[in-house]
Amino acid sequence: MPKNFVEELKWRGMLHNIMPGTEEHLLSEMRSAYIGFDPTADSLHIGSLVPILVLAHFQRCGHKPYALVGGATGMIGDPSGKSKERNLLDEEALAKNQEGIRRQLAKILDFDSDAENAAVMVNNYDWMKDFSFLDFIRDVGKHITVNYMMAKDSVKKRFATDAQENEGMSFLEFSYQLVQGYDFLHLFRERGLTLQMGGSDQWGNITTGSELIRRIAGQKAFALTSPLITKADGTKFGKSEGGNVWLDPLRTSPYKFYQYWLNTSDEDAENFIKIFTFLSQAEIQELIEQHQAAPHQRILQKKLAEEITTLVHSKQDLENAVIASQVLFGNSTAKELKALDEKTFLEVFDGVPQAEIAKERFEEGLDMVAALAAETGFLKSNGEAIRALKQNAIAVNKEKVDDAYRISETDLISGKYVILNKGKKNTYILKVV
């Protein structure tokens, strides 16, 4: 018997709307369901984590998840919650984006096992590309009235906005819900899918699909949505100073990804740890109690950041991100620093003053006074450098040194950097050229 998927979503705060009978339908036997993903980029961002995790919970509860990449609908544009029509993509770009998305989904969903409920990826372009317009309006369009389509909230909101801005909603966009609805009908017929899921802004499109199945196939199909994630302070979830927080490490590094979750507020952390981890209800309750007893330790934020960074990236990426974070607070060792990759190192020390030193100087050993003053100008004079060294105020890669120390190639981080500190607040970087 499947586990109670609906109950799992409820306690995690991941359930918004649900069609009557859905819970009972899912408890009776293994079912198949899908969620659509927008292929407008070759990476998803953290706003997509909720639907990905909904599919993962669905699979963990014994059901079969389908991830639909909207190759056809990506050529149209979805008006749901958007005020403008989107740029349309060609086939080559869509294929590239689909592959990028699959790689990310495969980290969280099981696509490759022999299990009966292994995940499947499909692309609606495969069944829409040869579907002529005449066939579509004959076989699909005649079953849904314009009145039904106009009653959808996504369409109403768009018309209300357009009335103020004197812009119209194109027929292309208006027809989106029919195309998405046909996806559900096609997957119901060909794959036996009986449930479509998505964000709360997709409720209208999803129910159009279940209505098509009722009218054309004479069968019952179900719908379920999750709430759109918001932050307690009113700022937009999934955005940082640099823009979107992406799942692709080349777009958002694991270090910056980790930092995003680490900087979550206490109120948001209590909600997010339920939504963005697979920790059990008992584990989460214990963490919340520990956090409330000692909020300054940021137990929830640390655990949240650890779990989601490992899930989306890897254990090694998490360890590097933790080391990089410790660098900022002065708790890292020279050995840990040397384990940092160059990209992470540069992100941690972005904006810190640097001086370039010829590689030969490290081969022969660079004395500390030269490193601090004569060669770099970090300190104003040799005399100031000598005084700081005698006061035990200078550190190389976070370890205190005296005036006898010489910086060598063994001190290099990523083969080209050395960190100098005077006290806790003054940091300088030597870079090999």
# chains A, B, ... in the order shown; residues from 1 in each chain; ligands from 1
>>> select_by_dssp(residues="range 80-194 of chain A", states="strand (DSSP E or B)", output="MDAnalysis selection string")
chainID A and resid 120:123
>>> closest_atom_pairs(of="range 52-160 of chain A", to="range 11-26 of chain A", cutoff="10 Å", atoms="only C-alpha atoms", output="CSV")
residue,atom,partner,partner_atom,distance
A:Leu53,CA,A:Met14,CA,9.6
A:Val54,CA,A:Met14,CA,7.9
A:Phe58,CA,A:Leu26,CA,9.7
A:Cys61,CA,A:Leu26,CA,9.6
A:Gly62,CA,A:Leu26,CA,9.7
A:His63,CA,A:Leu26,CA,8.2
>>> residues_around(residues="Asp341 in chain A", least_positions_apart="3", cutoff="12 Å", atoms="only C-alpha atoms", output="JSON, numbers by chain")
{"A": [253, 254, 255, 316, 317, 319, 320, 321, 323, 324, 336, 337, 338, 344, 345, 346, 347, 348, 412, 413, 414, 415, 416, 417]}
>>> residues_around(residues="Gly243 in chain A", least_positions_apart="6", cutoff="12 Å", atoms="only C-alpha atoms", output="PDB file with C-alpha atoms, in the first residue's frame")
ATOM      1  CA  HIS A  45      16.290  27.932 -10.002  1.00  0.00           C
ATOM      2  CA  ILE A  46      15.282  27.402  -6.396  1.00  0.00           C
ATOM      3  CA  LYS A 236      10.908  37.684  -3.145  1.00  0.00           C
ATOM      4  CA  PHE A 237      11.912  34.114  -2.454  1.00  0.00           C
ATOM      5  CA  ARG A 251      25.279  30.006 -12.535  1.00  0.00           C
ATOM      6  CA  THR A 252      25.124  30.057  -8.721  1.00  0.00           C
ATOM      7  CA  LYS A 256      26.577  31.231  -2.705  1.00  0.00           C
ATOM      8  CA  PHE A 257      23.763  28.653  -2.762  1.00  0.00           C
ATOM      9  CA  TYR A 260      21.440  31.939   0.624  1.00  0.00           C
TER      10      TYR A 260
END
>>> closest_residue(among="A:Arg103, A:Lys152, A:Lys157, A:Lys10", to="Tyr176 in chain A", atoms="only C-alpha atoms")
A:Lys152
>>> residues_around(residues="Ala358 in chain A", least_positions_apart="3", cutoff="10 Å", atoms="only C-alpha atoms", output="PyMOL selection string")
chain A and resi 361-363+430-433
>>> write_last_selection(atoms="C-alpha atoms", output="PDB file, in the first residue's frame")
ATOM      1  CA  ARG A 361      59.630  35.122  -5.291  1.00  0.00           C
ATOM      2  CA  PHE A 362      57.649  32.246  -3.747  1.00  0.00           C
ATOM      3  CA  GLU A 363      60.112  29.692  -5.069  1.00  0.00           C
ATOM      4  CA  LEU A 430      48.823  37.859  -2.571  1.00  0.00           C
ATOM      5  CA  LYS A 431      48.341  36.522  -6.081  1.00  0.00           C
ATOM      6  CA  VAL A 432      50.954  34.637  -8.073  1.00  0.00           C
ATOM      7  CA  VAL A 433      51.611  35.924 -11.599  1.00  0.00           C
TER       8      VAL A 433
END
>>> closest_residue(among="A:Thr264, A:Ile284, A:Trp246, A:Phe159", to="Lys302 in chain A", atoms="only C-alpha atoms")
A:Thr264
>>> residues_around(residues="Leu379 in chain A", least_positions_apart="2", cutoff="12 Å", atoms="only C-alpha atoms", output="CSV table (one decimal) with C-alpha atoms, in the first residue's frame")
chain,number,residue,atom,x,y,z
A,353,PRO,CA,42.7,44.2,-1.9
A,355,ALA,CA,48.9,42.5,-4.8
A,368,MET,CA,57.3,38.7,5.7
A,369,VAL,CA,58.4,42.4,5.7
A,370,ALA,CA,58.5,42.4,1.9
A,371,ALA,CA,55.1,40.6,1.7
A,372,LEU,CA,53.5,43.2,4.0
A,373,ALA,CA,55.1,46.4,2.9
A,374,ALA,CA,57.9,46.7,0.3
A,375,GLU,CA,56.4,44.4,-2.3
A,376,THR,CA,52.7,45.1,-1.7
A,377,GLY,CA,52.1,48.4,0.1
A,381,SER,CA,56.3,51.0,5.9
A,382,ASN,CA,58.8,48.3,6.7
A,383,GLY,CA,58.8,49.6,10.2
A,384,GLU,CA,55.0,49.2,10.6
A,385,ALA,CA,55.4,45.6,9.2
A,386,ILE,CA,58.2,44.8,11.7
A,387,ARG,CA,56.1,46.1,14.6
A,388,ALA,CA,53.0,44.2,13.6
A,389,LEU,CA,55.1,41.0,13.4
A,394,ILE,CA,50.2,38.9,11.4
A,420,LEU,CA,47.5,37.8,4.9
A,421,ASN,CA,45.8,39.2,8.0
A,422,LYS,CA,46.7,42.0,10.3
A,426,ASN,CA,42.4,43.7,7.9
A,427,THR,CA,42.8,41.1,5.1
A,428,TYR,CA,45.0,41.2,2.0
>>> select_by_dssp(residues="range 190-294 of chain A", states="helix (DSSP H, G or I)", output="ChimeraX atom specification")
/A:190-191,200-217,254-262,266-275,281-293
>>> write_last_selection(atoms="N, CA and C atoms", output="compact mmCIF listing (two decimals), in the first residue's frame")
# COMPACT_ATOMS: atom_id res chain seq x y z
N GLU A 190 -2.14 7.63 -22.85
CA GLU A 190 -0.96 6.87 -23.25
C GLU A 190 -0.20 6.25 -22.09
N ARG A 191 -0.24 6.90 -20.92
CA ARG A 191 0.59 6.44 -19.79
C ARG A 191 -0.22 6.12 -18.53
N SER A 200 0.26 26.84 -7.15
CA SER A 200 -1.12 27.30 -7.00
C SER A 200 -1.57 28.18 -8.16
N ASP A 201 -0.62 28.85 -8.84
CA ASP A 201 -0.99 29.68 -9.99
C ASP A 201 -1.38 28.83 -11.21
N GLN A 202 -1.17 27.52 -11.14
CA GLN A 202 -1.49 26.62 -12.24
C GLN A 202 -2.84 25.92 -12.09
N TRP A 203 -3.55 26.22 -11.02
CA TRP A 203 -4.80 25.51 -10.75
C TRP A 203 -5.77 25.54 -11.94
N GLY A 204 -5.92 26.70 -12.56
CA GLY A 204 -6.84 26.83 -13.69
C GLY A 204 -6.44 25.96 -14.86
N ASN A 205 -5.15 25.97 -15.20
CA ASN A 205 -4.66 25.14 -16.31
C ASN A 205 -4.81 23.66 -16.00
N ILE A 206 -4.51 23.28 -14.75
CA ILE A 206 -4.58 21.87 -14.37
C ILE A 206 -6.01 21.34 -14.43
N THR A 207 -6.94 22.15 -13.91
CA THR A 207 -8.33 21.70 -13.91
C THR A 207 -8.93 21.68 -15.32
N THR A 208 -8.37 22.48 -16.23
CA THR A 208 -8.80 22.37 -17.63
C THR A 208 -8.46 20.98 -18.16
N GLY A 209 -7.31 20.47 -17.77
CA GLY A 209 -6.91 19.12 -18.18
C GLY A 209 -7.83 18.06 -17.64
N SER A 210 -8.15 18.15 -16.35
CA SER A 210 -9.04 17.14 -15.76
C SER A 210 -10.45 17.23 -16.37
N GLU A 211 -10.84 18.45 -16.76
CA GLU A 211 -12.15 18.63 -17.40
C GLU A 211 -12.16 18.01 -18.80
N LEU A 212 -11.05 18.16 -19.53
CA LEU A 212 -10.96 17.53 -20.85
C LEU A 212 -11.07 16.02 -20.74
N ILE A 213 -10.40 15.45 -19.74
CA ILE A 213 -10.46 14.00 -19.54
C ILE A 213 -11.89 13.56 -19.24
N ARG A 214 -12.58 14.35 -18.43
CA ARG A 214 -13.98 14.02 -18.10
C ARG A 214 -14.87 14.08 -19.34
N ARG A 215 -14.67 15.15 -20.15
CA ARG A 215 -15.57 15.36 -21.29
C ARG A 215 -15.25 14.44 -22.47
N ILE A 216 -13.98 14.18 -22.72
CA ILE A 216 -13.59 13.40 -23.89
C ILE A 216 -13.50 11.91 -23.58
N ALA A 217 -12.83 11.59 -22.44
CA ALA A 217 -12.62 10.17 -22.10
C ALA A 217 -13.70 9.63 -21.17
N PRO A 254 27.96 26.59 -5.41
CA PRO A 254 27.51 25.94 -4.18
C PRO A 254 27.73 26.80 -2.94
N TYR A 255 28.79 27.59 -2.94
CA TYR A 255 29.06 28.48 -1.79
C TYR A 255 27.96 29.53 -1.66
N LYS A 256 27.63 30.21 -2.77
CA LYS A 256 26.58 31.23 -2.71
C LYS A 256 25.22 30.59 -2.45
N PHE A 257 25.00 29.40 -3.00
CA PHE A 257 23.76 28.65 -2.76
C PHE A 257 23.62 28.37 -1.26
N TYR A 258 24.69 27.87 -0.67
CA TYR A 258 24.71 27.57 0.77
C TYR A 258 24.46 28.83 1.60
N GLN A 259 25.11 29.91 1.21
CA GLN A 259 24.95 31.18 1.93
C GLN A 259 23.51 31.69 1.88
N TYR A 260 22.83 31.48 0.74
CA TYR A 260 21.44 31.94 0.62
C TYR A 260 20.58 31.31 1.72
N TRP A 261 20.71 30.01 1.92
CA TRP A 261 19.90 29.31 2.92
C TRP A 261 20.38 29.64 4.33
N LEU A 262 21.68 29.82 4.49
CA LEU A 262 22.24 30.13 5.81
C LEU A 262 21.74 31.48 6.31
N ASP A 266 14.76 33.50 11.04
CA ASP A 266 14.27 32.44 11.94
C ASP A 266 12.88 31.98 11.54
N GLU A 267 12.01 32.93 11.22
CA GLU A 267 10.62 32.59 10.88
C GLU A 267 10.57 31.77 9.60
N ASP A 268 11.33 32.20 8.58
CA ASP A 268 11.35 31.45 7.33
C ASP A 268 12.00 30.09 7.50
N ALA A 269 13.05 30.01 8.32
CA ALA A 269 13.76 28.74 8.51
C ALA A 269 12.83 27.66 9.05
N GLU A 270 11.91 28.04 9.94
CA GLU A 270 10.96 27.06 10.50
C GLU A 270 10.06 26.48 9.42
N ASN A 271 9.69 27.32 8.43
CA ASN A 271 8.86 26.84 7.33
C ASN A 271 9.69 26.10 6.28
N PHE A 272 10.82 26.68 5.94
CA PHE A 272 11.62 26.14 4.85
C PHE A 272 12.21 24.76 5.17
N ILE A 273 12.52 24.50 6.43
CA ILE A 273 13.13 23.21 6.75
C ILE A 273 12.13 22.06 6.56
N LYS A 274 10.84 22.39 6.64
CA LYS A 274 9.80 21.39 6.36
C LYS A 274 9.66 21.17 4.85
N ILE A 275 9.78 22.26 4.10
CA ILE A 275 9.53 22.21 2.66
C ILE A 275 10.73 21.69 1.88
N GLN A 281 9.09 14.61 10.60
CA GLN A 281 8.38 15.57 11.44
C GLN A 281 9.01 15.62 12.84
N ALA A 282 9.38 14.46 13.39
CA ALA A 282 10.00 14.41 14.73
C ALA A 282 11.36 15.09 14.72
N GLU A 283 12.16 14.84 13.68
CA GLU A 283 13.49 15.47 13.59
C GLU A 283 13.37 16.99 13.50
N ILE A 284 12.43 17.44 12.70
CA ILE A 284 12.25 18.89 12.52
C ILE A 284 11.77 19.54 13.80
N GLN A 285 10.82 18.89 14.50
CA GLN A 285 10.32 19.45 15.76
C GLN A 285 11.44 19.58 16.78
N GLU A 286 12.31 18.58 16.84
CA GLU A 286 13.44 18.64 17.77
C GLU A 286 14.39 19.78 17.41
N LEU A 287 14.65 19.96 16.12
CA LEU A 287 15.52 21.06 15.67
C LEU A 287 14.91 22.42 16.01
N ILE A 288 13.60 22.55 15.82
CA ILE A 288 12.92 23.81 16.13
C ILE A 288 13.05 24.13 17.61
N GLU A 289 12.86 23.12 18.46
CA GLU A 289 12.98 23.33 19.91
C GLU A 289 14.40 23.71 20.30
N GLN A 290 15.40 23.06 19.69
CA GLN A 290 16.80 23.40 19.96
C GLN A 290 17.10 24.83 19.51
N HIS A 291 16.56 25.20 18.37
CA HIS A 291 16.79 26.54 17.84
C HIS A 291 16.16 27.61 18.74
N GLN A 292 14.95 27.34 19.19
CA GLN A 292 14.26 28.31 20.04
C GLN A 292 14.96 28.49 21.39
N ALA A 293 15.63 27.43 21.85
CA ALA A 293 16.36 27.51 23.12
C ALA A 293 17.66 28.30 22.96
>>> closest_residue(among="A:Ile429, A:Glu8, A:Ser113, A:Asn397", to="Val352 in chain A", atoms="only C-alpha atoms")
A:Ile429
>>> closest_residue(among="A:Val69, A:Leu311, A:Ile137, A:Ile419", to="Thr277 in chain A", atoms="only C-alpha atoms")
A:Leu311
>>> closest_residue(among="A:Ser43, A:Leu49, A:Lys64, A:Phe171", to="Pro2 in chain A", atoms="only C-alpha atoms")
A:Lys64
>>> closest_residue(among="A:Ala223, A:Ala160, A:Leu178, A:Val245", to="Ser48 in chain A", atoms="only C-alpha atoms")
A:Val245
>>> atom_distance(atom1="CA of Lys343 in chain A", atom2="CA of Asp367 in chain A")
27.6 Å
>>> atom_distance(atom1="CA of Gly100 in chain A", atom2="CA of Gly71 in chain A")
13.2 Å
>>> atom_distance(atom1="CA of Gln301 in chain A", atom2="CA of Ser265 in chain A")
7.9 Å
>>> decode(residues="range 206-349 of chain A", atoms="C-alpha atoms", output="compact mmCIF listing (two decimals), in the first residue's frame")
# COMPACT_ATOMS: atom_id res chain seq x y z
CA ILE A 206 -4.58 21.87 -14.37
CA THR A 207 -8.33 21.70 -13.91
CA THR A 208 -8.80 22.37 -17.63
CA GLY A 209 -6.91 19.12 -18.18
CA SER A 210 -9.04 17.14 -15.76
CA GLU A 211 -12.15 18.63 -17.40
CA LEU A 212 -10.96 17.53 -20.85
CA ILE A 213 -10.46 14.00 -19.54
CA ARG A 214 -13.98 14.02 -18.10
CA ARG A 215 -15.57 15.36 -21.29
CA ILE A 216 -13.59 13.40 -23.89
CA ALA A 217 -12.62 10.17 -22.10
CA GLY A 218 -15.55 10.09 -19.69
CA GLN A 219 -13.12 9.37 -16.83
CA LYS A 220 -12.18 10.99 -13.51
CA ALA A 221 -8.81 12.70 -13.18
CA PHE A 222 -7.41 14.68 -10.26
CA ALA A 223 -5.57 17.90 -9.46
CA LEU A 224 -3.33 19.10 -6.63
CA THR A 225 -1.34 22.30 -6.15
CA SER A 226 1.28 23.62 -3.75
CA PRO A 227 1.49 27.18 -2.42
CA LEU A 228 3.89 29.65 -3.99
CA ILE A 229 6.73 30.28 -1.55
CA THR A 230 6.93 33.70 0.05
CA LYS A 231 9.32 35.17 2.61
CA ALA A 232 8.14 36.60 5.92
CA ASP A 233 9.73 40.00 5.25
CA GLY A 234 7.89 40.39 1.94
CA THR A 235 10.99 40.12 -0.26
CA LYS A 236 10.91 37.68 -3.15
CA PHE A 237 11.91 34.11 -2.45
CA GLY A 238 14.66 32.78 -4.71
CA LYS A 239 16.32 36.13 -5.37
CA SER A 240 19.69 37.34 -4.12
CA GLU A 241 21.70 40.48 -4.86
CA GLY A 242 23.01 38.76 -7.97
CA GLY A 243 19.53 37.79 -9.23
CA ASN A 244 18.06 34.28 -9.36
CA VAL A 245 19.54 31.55 -7.17
CA TRP A 246 20.09 28.80 -9.74
CA LEU A 247 20.51 25.05 -9.28
CA ASP A 248 23.35 24.99 -11.84
CA PRO A 249 26.70 25.45 -10.00
CA LEU A 250 28.05 27.43 -12.96
CA ARG A 251 25.28 30.01 -12.53
CA THR A 252 25.12 30.06 -8.72
CA SER A 253 28.11 28.49 -6.97
CA PRO A 254 27.51 25.94 -4.18
CA TYR A 255 29.06 28.48 -1.79
CA LYS A 256 26.58 31.23 -2.71
CA PHE A 257 23.76 28.65 -2.76
CA TYR A 258 24.71 27.57 0.77
CA GLN A 259 24.95 31.18 1.93
CA TYR A 260 21.44 31.94 0.62
CA TRP A 261 19.90 29.31 2.92
CA LEU A 262 22.24 30.13 5.81
CA ASN A 263 20.99 33.73 5.77
CA THR A 264 17.33 32.72 6.11
CA SER A 265 15.38 34.45 8.89
CA ASP A 266 14.27 32.44 11.94
CA GLU A 267 10.62 32.59 10.88
CA ASP A 268 11.35 31.45 7.33
CA ALA A 269 13.76 28.74 8.51
CA GLU A 270 10.96 27.06 10.50
CA ASN A 271 8.86 26.84 7.33
CA PHE A 272 11.62 26.14 4.85
CA ILE A 273 13.13 23.21 6.75
CA LYS A 274 9.80 21.39 6.36
CA ILE A 275 9.53 22.21 2.66
CA PHE A 276 13.11 21.87 1.42
CA THR A 277 14.39 18.82 3.32
CA PHE A 278 13.36 15.19 3.72
CA LEU A 279 13.80 15.32 7.50
CA SER A 280 10.98 13.67 9.44
CA GLN A 281 8.38 15.57 11.44
CA ALA A 282 10.00 14.41 14.73
CA GLU A 283 13.49 15.47 13.59
CA ILE A 284 12.25 18.89 12.52
CA GLN A 285 10.32 19.45 15.76
CA GLU A 286 13.44 18.64 17.77
CA LEU A 287 15.52 21.06 15.67
CA ILE A 288 12.92 23.81 16.13
CA GLU A 289 12.98 23.33 19.91
CA GLN A 290 16.80 23.40 19.96
CA HIS A 291 16.79 26.54 17.84
CA GLN A 292 14.26 28.31 20.04
CA ALA A 293 16.36 27.51 23.12
CA ALA A 294 19.51 29.01 21.53
CA PRO A 295 18.54 31.10 18.48
CA HIS A 296 22.00 32.71 18.30
CA GLN A 297 23.43 29.34 17.22
CA ARG A 298 21.21 29.37 14.09
CA ILE A 299 20.68 25.61 14.30
CA LEU A 300 17.76 25.62 11.86
CA GLN A 301 19.55 27.70 9.25
CA LYS A 302 22.68 25.54 9.39
CA LYS A 303 20.75 22.29 9.07
CA LEU A 304 18.57 23.68 6.27
CA ALA A 305 21.62 24.90 4.34
CA GLU A 306 23.44 21.59 4.86
CA GLU A 307 20.53 19.42 3.72
CA ILE A 308 19.55 21.39 0.62
CA THR A 309 23.14 22.02 -0.54
CA THR A 310 23.94 18.31 -0.30
CA LEU A 311 20.71 17.42 -2.12
CA VAL A 312 21.14 19.84 -5.02
CA HIS A 313 24.95 19.71 -5.28
CA SER A 314 26.97 17.15 -3.28
CA LYS A 315 28.50 16.37 0.10
CA GLN A 316 31.87 17.64 -1.16
CA ASP A 317 30.31 20.90 -2.34
CA LEU A 318 28.73 21.31 1.10
CA GLU A 319 32.07 20.75 2.84
CA ASN A 320 33.74 23.34 0.59
CA ALA A 321 30.92 25.82 1.25
CA VAL A 322 31.20 25.30 5.02
CA ILE A 323 34.98 25.85 4.90
CA ALA A 324 34.48 28.97 2.79
CA SER A 325 31.93 30.28 5.30
CA GLN A 326 34.32 29.61 8.18
CA VAL A 327 36.96 31.63 6.35
CA LEU A 328 34.72 34.67 6.71
CA PHE A 329 34.50 34.22 10.46
CA GLY A 330 38.15 33.34 11.00
CA ASN A 331 37.61 29.74 12.11
CA SER A 332 39.32 27.89 9.27
CA THR A 333 42.75 26.24 9.29
CA ALA A 334 45.48 26.58 6.64
CA LYS A 335 44.78 23.00 5.55
CA GLU A 336 41.08 23.77 5.03
CA LEU A 337 41.90 26.95 3.13
CA LYS A 338 44.17 25.09 0.74
CA ALA A 339 41.27 22.74 -0.07
CA LEU A 340 39.21 25.63 -1.48
CA ASP A 341 38.74 25.70 -5.25
CA GLU A 342 39.65 28.96 -6.96
CA LYS A 343 36.07 29.97 -7.86
CA THR A 344 34.92 29.66 -4.25
CA PHE A 345 38.04 31.40 -2.97
CA LEU A 346 37.45 34.40 -5.24
CA GLU A 347 33.81 34.64 -4.20
CA VAL A 348 34.70 34.61 -0.50
CA PHE A 349 37.34 37.30 -0.95
